[in-house]
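This report refers to the structure that appears directly beneath it.
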Amino acid sequence: VQLVESGGGLVQPGGSLRLSCTASGFPFGRYGMSWYRQVPGKTRELVATIIYAGTKTEYAEFAKGRFTIARDNSRNTVTLQMNSLKSEDTAMYYCAAGWRTSVFGSWGQGTQVTVSS
């Protein structure tokens, strides 16, 4: 499993970012995919997850109504559109192979999201 995240950066509160993850090394279209985030000193937490076909998604409470996970199985990519960002969304964001907490394989390097004025 190889995962490469991109799209992070510095954004002001209320702004938006779109994270992208390109996957390889496994049959992407057969597995769910997830986004996690981690703040130093805290455990990694699930942000959003999407089923293999893209027809079902789930979100952490803090992400509902603001974040949208999507996937393109023809390009082996999964994205996370984040709107109305808050300072507490500041974290390293990782994509993961697997549905919900049933992740497998290696983690990517992550992409840093910083929300600050």
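Each chain of the structure tokens is named A, B, ... in the order shown, its residues numbered from 1; ligands are numbered from 1 in display order.
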Give the strand (DSSP E) residues of chain A, as assigned by DSSP on the backbone, as number ranges by chain.
A: 2-6, 9-11, 17-24, 33-38, 45-50, 57-59, 67-72, 77-82, 91-99, 102-104, 111-115
Write out as a ChimeraX atom specification which residues come within 7 Å of segment 31-47 of chain A when counting only C-alpha atoms, dropping same-chain ones fewer than 2 positions away.
/A:28-29,49-52,59-60,63,91-100
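If you measure from each of A:Ser117, A:Asn83, A:Thr57, A:Gly105 to Gln2 of chain A using only C-alpha atoms, the closest one turns out to be A:Gly105.
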If you count only C-alpha atoms, the residue of A:Thr55, A:Ser84, A:Asn76, A:Gln109 closest to Arg18 of chain A turns out to be A:Ser84
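If only C-alpha atoms are the atoms counted, then among A:Leu85, A:Val1, A:Val78, A:Leu17 the closest residue to Ala48 of chain A is A:Val78.
Between atom CA of Val113 of chain A and atom CA of Ser20 of chain A the separation is 12.4 Å.
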